[in-house]
file entry.cif (mmCIF, C-alpha atoms and all ligand atoms)
data_query
#
loop_
_atom_site.label_atom_id
_atom_site.label_comp_id
_atom_site.auth_asym_id
_atom_site.auth_seq_id
_atom_site.Cartn_x
_atom_site.Cartn_y
_atom_site.Cartn_z
CA MET Y 140 105.27 -52.81 95.91
CA GLU Y 141 105.80 -54.19 99.40
CA ARG Y 142 102.60 -54.38 101.41
CA THR Y 143 102.08 -53.04 104.93
CA ARG Y 144 100.37 -55.69 107.03
CA TRP Y 145 97.96 -54.12 109.50
CA GLY Y 146 96.69 -55.65 112.72
CA ILE Y 147 93.49 -54.28 114.27
CA ILE Y 148 92.87 -54.31 118.03
CA ALA Y 149 89.23 -54.05 119.24
CA PRO Y 150 87.07 -54.67 116.17
CA GLY Y 151 83.99 -52.49 116.75
CA LYS Y 152 82.18 -49.83 114.75
CA ILE Y 153 85.10 -47.64 113.70
CA ALA Y 154 87.35 -50.64 113.04
CA ALA Y 155 84.86 -51.85 110.40
CA LYS Y 156 85.12 -48.54 108.50
CA PHE Y 157 88.89 -48.56 108.86
CA ALA Y 158 89.01 -52.09 107.45
CA ASP Y 159 87.08 -50.91 104.36
CA ALA Y 160 89.63 -48.13 103.85
CA LEU Y 161 92.55 -50.55 104.21
CA HIS Y 162 91.21 -52.48 101.21
CA ALA Y 163 91.12 -49.25 99.18
CA VAL Y 164 94.73 -48.22 99.83
CA ASP Y 165 97.45 -49.53 97.57
CA SER Y 166 100.00 -51.55 99.45
CA ALA Y 167 97.87 -51.81 102.62
CA GLU Y 168 96.80 -55.26 103.77
CA LEU Y 169 94.32 -56.08 106.52
CA TYR Y 170 96.33 -58.97 107.87
CA ALA Y 171 95.12 -59.69 111.43
CA VAL Y 172 92.46 -58.76 113.94
CA ALA Y 173 92.24 -59.29 117.71
CA SER Y 174 89.24 -59.09 119.98
CA ARG Y 175 88.71 -60.01 123.62
CA SER Y 176 86.44 -62.67 122.16
CA SER Y 177 87.68 -65.30 119.69
CA GLU Y 178 84.23 -65.45 118.15
CA ARG Y 179 84.12 -61.68 117.48
CA ALA Y 180 87.66 -61.78 116.05
CA ARG Y 181 86.84 -64.69 113.75
CA SER Y 182 83.61 -63.10 112.57
CA PHE Y 183 85.32 -59.73 111.86
CA ALA Y 184 88.14 -61.51 110.02
CA GLU Y 185 85.63 -63.38 107.87
CA ILE Y 186 83.51 -60.33 107.06
CA HIS Y 187 86.44 -58.01 106.38
CA GLY Y 188 88.92 -60.42 104.88
CA ALA Y 189 91.71 -60.69 107.44
CA SER Y 190 93.85 -63.81 107.23
CA GLN Y 191 94.65 -64.06 110.96
CA TRP Y 192 92.43 -63.61 113.99
CA TYR Y 193 93.15 -63.74 117.72
CA GLY Y 194 90.95 -63.87 120.81
CA ASP Y 195 93.64 -61.99 122.73
CA TYR Y 196 95.28 -58.63 121.99
CA THR Y 197 98.72 -59.79 123.15
CA GLU Y 198 98.73 -62.62 120.60
CA LEU Y 199 98.30 -60.08 117.82
CA VAL Y 200 101.15 -57.82 118.95
CA LYS Y 201 103.39 -60.91 119.23
CA ASP Y 202 102.70 -61.88 115.61
CA GLU Y 203 105.92 -61.14 113.73
CA ASP Y 204 104.07 -60.56 110.48
CA VAL Y 205 102.12 -57.58 111.82
CA ASP Y 206 103.83 -54.38 110.60
CA ILE Y 207 101.62 -51.84 112.41
CA VAL Y 208 98.80 -51.98 114.95
CA TYR Y 209 95.61 -49.90 114.71
CA ILE Y 210 93.87 -49.44 118.07
CA ALA Y 211 90.09 -48.96 117.91
CA SER Y 212 88.92 -49.50 121.49
CA PRO Y 213 87.08 -46.95 123.69
CA HIS Y 214 89.27 -44.03 124.85
CA THR Y 215 90.18 -45.39 128.28
CA PHE Y 216 92.02 -48.40 126.81
CA HIS Y 217 94.14 -46.51 124.27
CA ALA Y 218 97.14 -45.81 126.53
CA GLU Y 219 97.48 -49.37 127.84
CA GLN Y 220 96.98 -51.03 124.45
CA ALA Y 221 99.29 -48.64 122.61
CA VAL Y 222 102.03 -49.32 125.17
CA LEU Y 223 101.38 -53.06 124.80
CA ALA Y 224 101.98 -52.78 121.06
CA LEU Y 225 105.05 -50.54 121.40
CA THR Y 226 106.67 -52.80 123.96
CA HIS Y 227 106.26 -55.66 121.47
CA ASN Y 228 108.09 -53.56 118.90
CA LYS Y 229 105.03 -52.60 116.88
CA PRO Y 230 104.37 -49.12 115.45
CA VAL Y 231 100.96 -47.73 116.43
CA LEU Y 232 98.08 -45.82 114.89
CA CYS Y 233 95.67 -45.13 117.76
CA GLU Y 234 92.12 -43.79 117.54
CA LYS Y 235 91.30 -40.35 118.92
CA PRO Y 236 91.60 -39.14 121.61
CA ILE Y 237 95.09 -40.65 121.77
CA THR Y 238 94.59 -41.05 125.54
CA VAL Y 239 92.24 -39.72 128.19
CA ASN Y 240 94.55 -36.98 129.47
CA HIS Y 241 97.78 -35.12 128.77
CA SER Y 242 99.89 -37.06 131.24
CA GLN Y 243 98.99 -40.43 129.66
CA ALA Y 244 99.74 -39.04 126.19
CA ASN Y 245 103.12 -37.79 127.35
CA GLU Y 246 104.02 -41.21 128.74
CA LEU Y 247 102.85 -42.89 125.55
CA PHE Y 248 104.97 -40.72 123.27
CA ASP Y 249 107.95 -41.16 125.62
CA GLN Y 250 107.51 -44.91 125.20
CA ALA Y 251 107.41 -44.57 121.40
CA LYS Y 252 110.58 -42.49 121.54
CA ARG Y 253 112.34 -45.00 123.81
CA ASN Y 254 111.40 -47.85 121.48
CA ASN Y 255 112.22 -45.78 118.39
CA LEU Y 256 108.81 -46.55 116.92
CA PHE Y 257 106.19 -44.66 114.93
CA CYS Y 258 103.12 -43.61 116.90
CA MET Y 259 100.25 -41.41 115.70
CA GLU Y 260 96.79 -40.36 116.82
CA ALA Y 261 94.20 -41.28 114.19
CA LEU Y 262 92.49 -37.91 114.15
CA TRP Y 263 91.45 -38.24 110.53
CA THR Y 264 90.58 -34.54 110.06
CA ARG Y 265 94.30 -33.74 110.07
CA PHE Y 266 94.87 -35.74 106.89
CA MET Y 267 92.07 -34.41 104.66
CA PRO Y 268 93.80 -32.96 101.58
CA VAL Y 269 91.40 -30.00 101.35
CA PHE Y 270 93.15 -28.44 104.36
CA GLU Y 271 96.22 -27.83 102.19
CA LYS Y 272 94.06 -25.57 100.01
CA ILE Y 273 92.61 -23.85 103.08
CA ASP Y 274 96.14 -23.21 104.39
CA GLU Y 275 97.08 -21.78 101.01
CA TRP Y 276 94.07 -19.41 100.95
CA ILE Y 277 94.98 -18.14 104.41
CA ALA Y 278 98.71 -17.86 103.66
CA THR Y 279 98.04 -15.90 100.45
CA ASP Y 280 95.86 -13.38 102.30
CA GLN Y 281 92.59 -14.35 100.59
CA ILE Y 282 90.56 -13.65 103.74
CA GLY Y 283 92.83 -11.07 105.39
CA GLU Y 284 93.76 -11.61 109.02
CA VAL Y 285 91.91 -14.45 110.70
CA GLN Y 286 89.78 -13.07 113.55
CA MET Y 287 87.18 -15.68 114.43
CA ILE Y 288 86.76 -19.45 114.09
CA ARG Y 289 83.40 -21.15 114.53
CA ALA Y 290 82.88 -24.91 114.74
CA ASN Y 291 80.22 -27.06 116.38
CA PHE Y 292 80.01 -30.82 116.44
CA GLY Y 293 77.19 -32.88 117.83
CA PHE Y 294 74.81 -35.69 117.14
CA SER Y 295 71.59 -36.76 118.77
CA PHE Y 296 72.54 -40.02 120.50
CA GLN Y 297 70.27 -42.40 122.36
CA PHE Y 298 71.15 -42.09 126.05
CA ASP Y 299 72.82 -45.25 127.37
CA PRO Y 300 74.39 -44.93 130.84
CA LYS Y 301 76.68 -47.93 130.14
CA GLY Y 302 77.65 -46.83 126.62
CA ARG Y 303 81.08 -45.32 125.99
CA LEU Y 304 79.59 -41.88 125.20
CA PHE Y 305 77.95 -41.55 128.61
CA ASP Y 306 79.84 -43.78 131.03
CA PRO Y 307 82.58 -41.84 132.89
CA ASN Y 308 84.50 -45.12 133.34
CA LEU Y 309 84.85 -45.24 129.53
CA GLY Y 310 85.84 -41.58 129.20
CA GLY Y 311 82.26 -40.56 128.34
CA GLY Y 312 81.10 -37.05 127.49
CA SER Y 313 80.94 -34.95 124.36
CA LEU Y 314 84.39 -33.39 124.76
CA LEU Y 315 86.65 -36.40 124.25
CA ASP Y 316 84.50 -37.94 121.55
CA LEU Y 317 83.18 -34.91 119.62
CA GLY Y 318 84.59 -31.66 121.06
CA ILE Y 319 88.05 -32.83 120.07
CA TYR Y 320 87.09 -32.15 116.41
CA PRO Y 321 86.22 -28.43 116.66
CA LEU Y 322 89.26 -28.02 118.93
CA THR Y 323 91.46 -29.70 116.34
CA PHE Y 324 89.93 -27.59 113.57
CA ALA Y 325 90.86 -24.37 115.42
CA GLN Y 326 94.35 -25.67 116.16
CA MET Y 327 94.87 -26.66 112.52
CA VAL Y 328 93.78 -23.27 111.21
CA LEU Y 329 96.09 -21.52 113.67
CA ARG Y 330 98.98 -23.89 112.97
CA ASP Y 331 98.94 -25.36 116.47
CA LEU Y 332 99.52 -22.16 118.38
CA SER Y 333 98.48 -22.57 122.00
CA PRO Y 334 95.50 -20.51 123.13
CA SER Y 335 96.29 -17.94 125.81
CA LYS Y 336 92.86 -18.34 127.38
CA VAL Y 337 90.34 -21.19 127.53
CA SER Y 338 86.81 -20.85 128.94
CA ALA Y 339 84.32 -23.68 129.10
CA ILE Y 340 80.81 -24.33 130.32
CA ALA Y 341 78.88 -27.59 130.24
CA THR Y 342 75.49 -29.11 130.85
CA LYS Y 343 75.93 -32.54 132.38
CA GLY Y 344 73.57 -35.47 132.22
CA SER Y 345 72.64 -38.03 134.85
CA THR Y 346 75.94 -39.93 134.53
CA GLY Y 347 77.86 -36.74 135.33
CA VAL Y 348 79.55 -36.25 131.95
CA ASP Y 349 79.24 -33.23 129.64
CA GLU Y 350 76.34 -33.61 127.20
CA ASN Y 351 76.33 -29.99 125.99
CA LEU Y 352 79.66 -28.19 125.98
CA GLY Y 353 80.68 -24.67 125.00
CA MET Y 354 84.32 -23.62 124.64
CA LEU Y 355 85.79 -20.19 123.97
CA LEU Y 356 89.47 -19.97 123.10
CA GLN Y 357 91.48 -16.78 122.78
CA TYR Y 358 94.88 -16.63 121.11
CA ASP Y 359 97.69 -14.07 121.50
CA SER Y 360 96.96 -12.76 118.00
CA GLY Y 361 93.47 -11.79 119.19
CA VAL Y 362 91.69 -14.62 117.37
CA ILE Y 363 88.69 -16.04 119.22
CA ALA Y 364 87.40 -19.54 118.52
CA THR Y 365 83.80 -20.35 119.44
CA LEU Y 366 83.47 -24.12 119.65
CA SER Y 367 80.88 -26.55 120.94
CA SER Y 368 79.94 -30.19 121.13
CA THR Y 369 76.86 -32.12 122.17
CA THR Y 370 75.54 -35.66 122.42
CA ARG Y 371 71.95 -34.35 122.46
CA ALA Y 372 71.40 -32.78 119.03
CA ASN Y 373 72.56 -32.64 115.43
CA THR Y 374 74.37 -29.33 115.23
CA GLY Y 375 74.83 -28.70 111.51
CA TYR Y 376 78.38 -29.20 110.33
CA ILE Y 377 79.79 -26.18 108.54
CA ALA Y 378 82.86 -24.73 110.26
CA THR Y 379 83.79 -21.14 109.43
CA ILE Y 380 87.06 -19.24 109.43
CA ILE Y 381 86.37 -15.51 109.47
CA GLY Y 382 88.99 -13.00 108.35
CA THR Y 383 89.07 -9.22 107.97
CA LYS Y 384 88.10 -9.36 104.29
CA GLY Y 385 86.79 -12.85 103.65
CA LYS Y 386 85.73 -16.14 105.11
CA ILE Y 387 86.15 -19.85 104.45
CA GLU Y 388 83.32 -22.29 104.99
CA VAL Y 389 84.13 -25.95 105.45
CA PRO Y 390 81.12 -28.29 105.17
CA MET Y 391 81.38 -31.55 107.16
CA PHE Y 392 84.60 -30.07 108.52
CA TRP Y 393 85.74 -33.15 110.47
CA CYS Y 394 85.97 -35.20 107.27
CA ALA Y 395 86.00 -32.33 104.80
CA GLN Y 396 86.00 -32.94 101.08
CA SER Y 397 85.37 -29.34 100.04
CA ALA Y 398 85.73 -25.74 101.14
CA GLU Y 399 84.38 -22.42 99.90
CA LEU Y 400 86.18 -19.10 99.86
CA TYR Y 401 84.09 -15.93 100.13
CA SER Y 402 84.98 -12.28 99.87
CA THR Y 403 83.19 -10.25 102.54
CA ASP Y 404 84.72 -6.88 101.61
CA ARG Y 405 81.31 -5.51 100.79
CA ALA Y 406 78.08 -6.05 102.69
CA GLU Y 407 77.25 -8.78 100.18
CA GLU Y 408 79.28 -11.98 100.38
CA VAL Y 409 80.73 -13.18 97.10
CA LEU Y 410 81.81 -16.76 96.43
CA VAL Y 411 85.35 -16.48 95.05
CA ASP Y 412 86.58 -20.07 94.88
CA LYS Y 413 85.58 -23.61 95.74
CA ALA Y 414 87.98 -26.48 96.38
CA GLU Y 415 86.96 -30.12 96.11
CA PHE Y 416 89.04 -33.08 97.23
CA PRO Y 417 86.75 -36.12 97.31
CA HIS Y 418 87.66 -39.22 99.30
CA PHE Y 419 88.45 -42.24 97.19
CA CYS Y 420 87.02 -44.51 99.91
CA ASN Y 421 85.41 -43.31 103.15
CA GLY Y 422 87.96 -40.74 104.40
CA TYR Y 423 90.05 -43.08 106.56
CA GLU Y 424 92.31 -43.79 103.58
CA TRP Y 425 94.20 -40.51 104.09
CA GLU Y 426 95.46 -41.40 107.58
CA ILE Y 427 96.37 -44.91 106.39
CA GLN Y 428 98.42 -43.46 103.53
CA GLU Y 429 100.12 -41.04 105.91
CA ALA Y 430 100.99 -43.77 108.44
CA GLN Y 431 102.40 -45.95 105.66
CA ARG Y 432 104.39 -43.03 104.25
CA CYS Y 433 105.88 -42.38 107.71
CA LEU Y 434 106.76 -46.06 108.15
CA ALA Y 435 108.44 -46.16 104.74
CA ASN Y 436 110.45 -43.04 105.63
CA ARG Y 437 111.29 -44.39 109.10
CA GLN Y 438 109.65 -41.37 110.76
CA LEU Y 439 108.56 -41.71 114.39
CA GLU Y 440 105.88 -39.07 113.96
CA SER Y 441 103.93 -37.46 111.15
CA THR Y 442 104.39 -33.79 110.29
CA LYS Y 443 100.61 -33.57 109.78
CA MET Y 444 99.84 -34.92 113.25
CA THR Y 445 102.86 -34.37 115.44
CA TRP Y 446 103.14 -35.68 118.99
CA GLN Y 447 103.16 -32.06 120.12
CA SER Y 448 99.87 -31.32 118.30
CA SER Y 449 98.22 -34.27 120.09
CA LEU Y 450 99.68 -33.10 123.41
CA ASP Y 451 98.48 -29.52 122.84
CA VAL Y 452 94.90 -30.65 122.27
CA MET Y 453 95.06 -33.00 125.28
CA LYS Y 454 96.26 -30.07 127.39
CA ILE Y 455 93.34 -27.89 126.28
CA MET Y 456 90.92 -30.75 126.98
CA ASP Y 457 92.41 -31.23 130.47
CA GLU Y 458 91.82 -27.51 131.10
CA VAL Y 459 88.25 -27.70 129.77
CA ARG Y 460 87.53 -30.67 132.04
CA LYS Y 461 89.03 -28.82 135.00
CA GLN Y 462 86.72 -25.88 134.36
CA ILE Y 463 83.62 -28.04 133.98
CA ASN Y 464 84.65 -30.13 136.97
CA LEU Y 465 84.81 -33.46 135.14
CA SER Y 466 87.42 -36.02 136.12
CA TYR Y 467 87.84 -39.66 135.14
CA PRO Y 468 89.17 -42.60 137.16
CA ASP Y 469 92.36 -42.51 134.99
CA ASP Y 470 93.20 -38.88 135.89
N1 LIG F 501 87.96 -41.45 113.72
C1 LIG F 501 86.66 -41.54 113.75
O1 LIG F 501 85.95 -41.09 112.86
C2 LIG F 501 86.01 -42.23 114.89
C3 LIG F 501 84.65 -42.55 114.83
C4 LIG F 501 84.11 -43.28 115.88
C5 LIG F 501 84.88 -43.62 116.96
N2 LIG F 501 86.20 -43.26 117.00
C6 LIG F 501 87.03 -43.62 118.14
O2 LIG F 501 87.23 -45.02 118.09
C7 LIG F 501 87.20 -45.58 119.39
C8 LIG F 501 86.20 -46.74 119.39
O3 LIG F 501 84.93 -46.27 119.04
P1 LIG F 501 83.78 -47.30 118.53
O4 LIG F 501 82.54 -46.50 118.42
O5 LIG F 501 84.25 -48.06 117.37
O6 LIG F 501 83.69 -48.23 119.82
P2 LIG F 501 82.87 -49.57 120.06
O7 LIG F 501 82.37 -50.11 118.75
O8 LIG F 501 81.89 -49.32 121.14
O9 LIG F 501 84.00 -50.53 120.68
C9 LIG F 501 85.12 -50.91 119.93
C10 LIG F 501 85.68 -52.19 120.48
O10 LIG F 501 86.31 -51.94 121.74
C11 LIG F 501 86.12 -53.04 122.62
N3 LIG F 501 85.30 -52.58 123.77
C12 LIG F 501 84.07 -52.02 123.71
N4 LIG F 501 83.62 -51.77 124.96
C13 LIG F 501 84.59 -52.17 125.80
C14 LIG F 501 84.71 -52.19 127.22
N5 LIG F 501 83.72 -51.74 128.00
N6 LIG F 501 85.83 -52.69 127.76
C15 LIG F 501 86.83 -53.13 126.97
N7 LIG F 501 86.77 -53.14 125.61
C16 LIG F 501 85.66 -52.67 125.04
C17 LIG F 501 85.37 -54.09 121.84
O11 LIG F 501 86.34 -54.92 121.23
P3 LIG F 501 86.49 -56.46 121.64
O12 LIG F 501 85.80 -57.20 120.54
O13 LIG F 501 87.96 -56.71 121.65
O14 LIG F 501 85.86 -56.66 122.97
C18 LIG F 501 84.65 -53.27 120.79
O15 LIG F 501 84.33 -53.98 119.63
C19 LIG F 501 86.87 -44.44 120.35
O16 LIG F 501 88.02 -44.02 121.03
C20 LIG F 501 86.36 -43.32 119.45
O17 LIG F 501 86.72 -42.03 119.90
C21 LIG F 501 86.76 -42.59 115.98
#

call {"tool": "encode", "arguments": {"input": "entry.cif", "output": "structure tokens", "more": "lines below"}}
Ligand SMILES: NC(=O)c1ccc[n+]([C@@H]2O[C@H](COP(=O)([O-])OP(=O)(O)OC[C@H]3O[C@@H](n4cnc5c(N)ncnc54)[C@H](OP(=O)(O)O)[C@@H]3O)[C@@H](O)[C@H]2O)c1
result
Amino acid sequence: MERTRWGIIAPGKIAAKFADALHAVDSAELYAVASRSSERARSFAEIHGASQWYGDYTELVKDEDVDIVYIASPHTFHAEQAVLALTHNKPVLCEKPITVNHSQANELFDQAKRNNLFCMEALWTRFMPVFEKIDEWIATDQIGEVQMIRANFGFSFQFDPKGRLFDPNLGGGSLLDLGIYPLTFAQMVLRDLSPSKVSAIATKGSTGVDENLGMLLQYDSGVIATLSSTTRANTGYIATIIGTKGKIEVPMFWCAQSAELYSTDRAEEVLVDKAEFPHFCNGYEWEIQEAQRCLANRQLESTKMTWQSSLDVMKIMDEVRKQINLSYPDD
């Protein structure tokens, strides 16, 4: 089998996990890594087993043996680095959020289209196989009509005004880093319908970014999604889809490996079915497989994570930020 040679840009925390997953996927090869620092690139290459390392991102995208570039920098650099790769004829898998705002994402996908190259946001939730079972339960009327969706996502982080979670110059705030997951969950359940109404409130910290965020979305069908994110507390991680006669609970919903189907016809809830789809590495393998499948099929975008689905979520996040009065230098 021919191997796909991956190049990683910005080897930080998430890049290390991604590198582990590359080693677990058949036909994937961690070939090269680039950092702003030669020393960091060399060290990452040694630890994770890459054969090439560069102290400059442009050197990596110029390497003719790189088949696809994975971008793992803080949000505010995604647009520029993805365009750098595309303009050097490299397909791109870019960490979430694909960009900081809708307009940047639009320009990025236009560039991918112009260059006839694959480009995908690495929002790993979209590729968890258990969601196929969840779709099936909903499509076969196991929970009746969906009415409510509930998902919260937050962790208790140490406050660091210069860190990417808190610094507005790095796209800080809970929304872009964490809130994007409950938003994506709701959009996945509702097959990427656009909400007709979005309401948001936030508590900001001393750097001016949202640290607690509440979002209410209403859809034309009448469904209401109650979503939240926070950098101040661990929220608990079961997302719930509530229908007229049942509900689905999804533990660890952003990297789900299981889901439970309940009947709620009677006052007592009854567990009807449980689906389990364990990761065979750390969960990042699914998006790697999907990107490689798309490359092999010469697809510019994945059907699991279309350009439009990224744009829809960016549009909702722009609206949320407008309502909570949070802008970034890139806006
Ligand atoms: N899918 C997921 O589960 C998941 C989880 C965590 C994070 N993420 C996403 O991945 C991205 C990176 O997150 P992370 O936690 O891995 O970040 P990180 O470790 O803080 O930084 C990643 C790399 O980006 C470069 N970088 C860091 N700060 C920079 C700055 N101020 N200016 C320019 N470059 C900088 C550095 O690479 P150099 O060595 O080249 O300087 C660094 O090693 C974010 O967009 C985040 O949303 C996704």

call {"tool": "residues_around", "arguments": {"input": "entry.cif", "residues": "segment 210-220 of chain Y", "least_positions_apart": "4", "cutoff": "9 Å", "atoms": "only C-alpha atoms", "output": "count of residues only"}}
result
33

call {"tool": "closest_residue", "arguments": {"input": "entry.cif", "among": "Y:Leu256, Y:Ile319, Y:Val459, Y:Leu355", "to": "ligand LIG 501 (chain F)", "atoms": "all atoms listed in the file"}}
result
Y:Ile319

call {"tool": "residues_near_point", "arguments": {"input": "entry.cif", "point": "(103.4, -29.6, 121.2)", "cutoff": "12 Å", "atoms": "only C-alpha atoms", "output": "NGL selection string"}}
result
:Y and (241 or 244-245 or 248 or 326 or 330-333 or 442 or 444-455)

call {"tool": "closest_residue", "arguments": {"input": "entry.cif", "among": "Y:Ser397, Y:Gln286, Y:Thr383, Y:Asn421", "to": "ligand LIG 501 (chain F)", "atoms": "only C-alpha atoms and all ligand atoms"}}
result
Y:Asn421

call {"tool": "atom_distance", "arguments": {"input": "entry.cif", "atom1": "atom CA of Gly344 of chain Y", "atom2": "atom CA of Met456 of chain Y"}}
result
18.7 Å

call {"tool": "residues_around", "arguments": {"input": "entry.cif", "residues": "Thr379 of chain Y", "least_positions_apart": "5", "cutoff": "6 Å", "atoms": "all atoms listed in the file", "output": "ChimeraX atom specification"}}
result
/Y:288-289,387-388

call {"tool": "residues_around", "arguments": {"input": "entry.cif", "residues": "segment 276-284 of chain Y", "least_positions_apart": "5", "cutoff": "8 Å", "atoms": "only C-alpha atoms", "output": "PyMOL selection string"}}
result
chain Y and resi 381-387+400-402

call {"tool": "write_last_selection", "arguments": {"input": "entry.cif", "atoms": "C-alpha atoms", "output": "JSON list (two decimals), in the coordinates of the input"}}
result
[["chain", "number", "residue", "atom", "x", "y", "z"],
["Y", 381, "ILE", "CA", 86.37, -15.51, 109.47],
["Y", 382, "GLY", "CA", 88.99, -13.00, 108.35],
["Y", 383, "THR", "CA", 89.07, -9.22, 107.97],
["Y", 384, "LYS", "CA", 88.10, -9.36, 104.29],
["Y", 385, "GLY", "CA", 86.79, -12.85, 103.65],
["Y", 386, "LYS", "CA", 85.73, -16.14, 105.11],
["Y", 387, "ILE", "CA", 86.15, -19.85, 104.45],
["Y", 400, "LEU", "CA", 86.18, -19.10, 99.86],
["Y", 401, "TYR", "CA", 84.09, -15.93, 100.13],
["Y", 402, "SER", "CA", 84.98, -12.28, 99.87]]

call {"tool": "atom_distance", "arguments": {"input": "entry.cif", "atom1": "atom CA of Gln462 of chain Y", "atom2": "atom CA of Leu356 of chain Y"}}
result
13.0 Å

call {"tool": "atom_distance", "arguments": {"input": "entry.cif", "atom1": "atom CA of Asn240 of chain Y", "atom2": "atom C1 of ligand LIG 501 (chain F)"}}
result
18.2 Å

call {"tool": "closest_residue", "arguments": {"input": "entry.cif", "among": "Y:Ser242, Y:Thr143, Y:Ser313, Y:Ser368", "to": "ligand LIG 501 (chain F)", "atoms": "only C-alpha atoms and all ligand atoms"}}
result
Y:Ser313

call {"tool": "residues_around", "arguments": {"input": "entry.cif", "residues": "Leu366 of chain Y", "least_positions_apart": "2", "cutoff": "12 Å", "atoms": "only C-alpha atoms", "output": "MDAnalysis selection string"}}
result
chainID Y and resid 287:293 314 317:326 337:340 351:357 363:364 368:369 374 376:380 459

call {"tool": "residues_around", "arguments": {"input": "entry.cif", "residues": "Gln431 of chain Y", "least_positions_apart": "3", "cutoff": "10 Å", "atoms": "all atoms listed in the file", "output": "list in words"}}
result
Arg142, Thr143, Val164, Ser166, Ala167, Asp206, Ile207, Trp425, Glu426, Ile427, Gln428, Leu434, Ala435, Asn436, Arg437 and Gln438 of chain Y

call {"tool": "closest_residue", "arguments": {"input": "entry.cif", "among": "Y:Pro390, Y:Gly194, Y:Gly188, Y:Pro307", "to": "ligand LIG 501 (chain F)", "atoms": "only C-alpha atoms and all ligand atoms"}}
result
Y:Gly194

call {"tool": "axis_aligned_box", "arguments": {"input": "entry.cif", "around": "ligand LIG 501 (chain F)", "padding_each_side": "3 Å", "output": "AutoDock Vina command-line options"}}
result
--center_x 85.0 --center_y -49.1 --center_z 120.4 --size_x 12.1 --size_y 22.1 --size_z 21.1

call {"tool": "closest_residue", "arguments": {"input": "entry.cif", "among": "Y:Ser174, Y:Asn228, Y:Thr370, Y:Pro334", "to": "Ser295 of chain Y", "atoms": "all atoms listed in the file"}}
result
Y:Thr370

call {"tool": "closest_residue", "arguments": {"input": "entry.cif", "among": "Y:Asp457, Y:Glu271, Y:Asp195, Y:Asp159", "to": "ligand LIG 501 (chain F)", "atoms": "all atoms listed in the file"}}
result
Y:Asp195
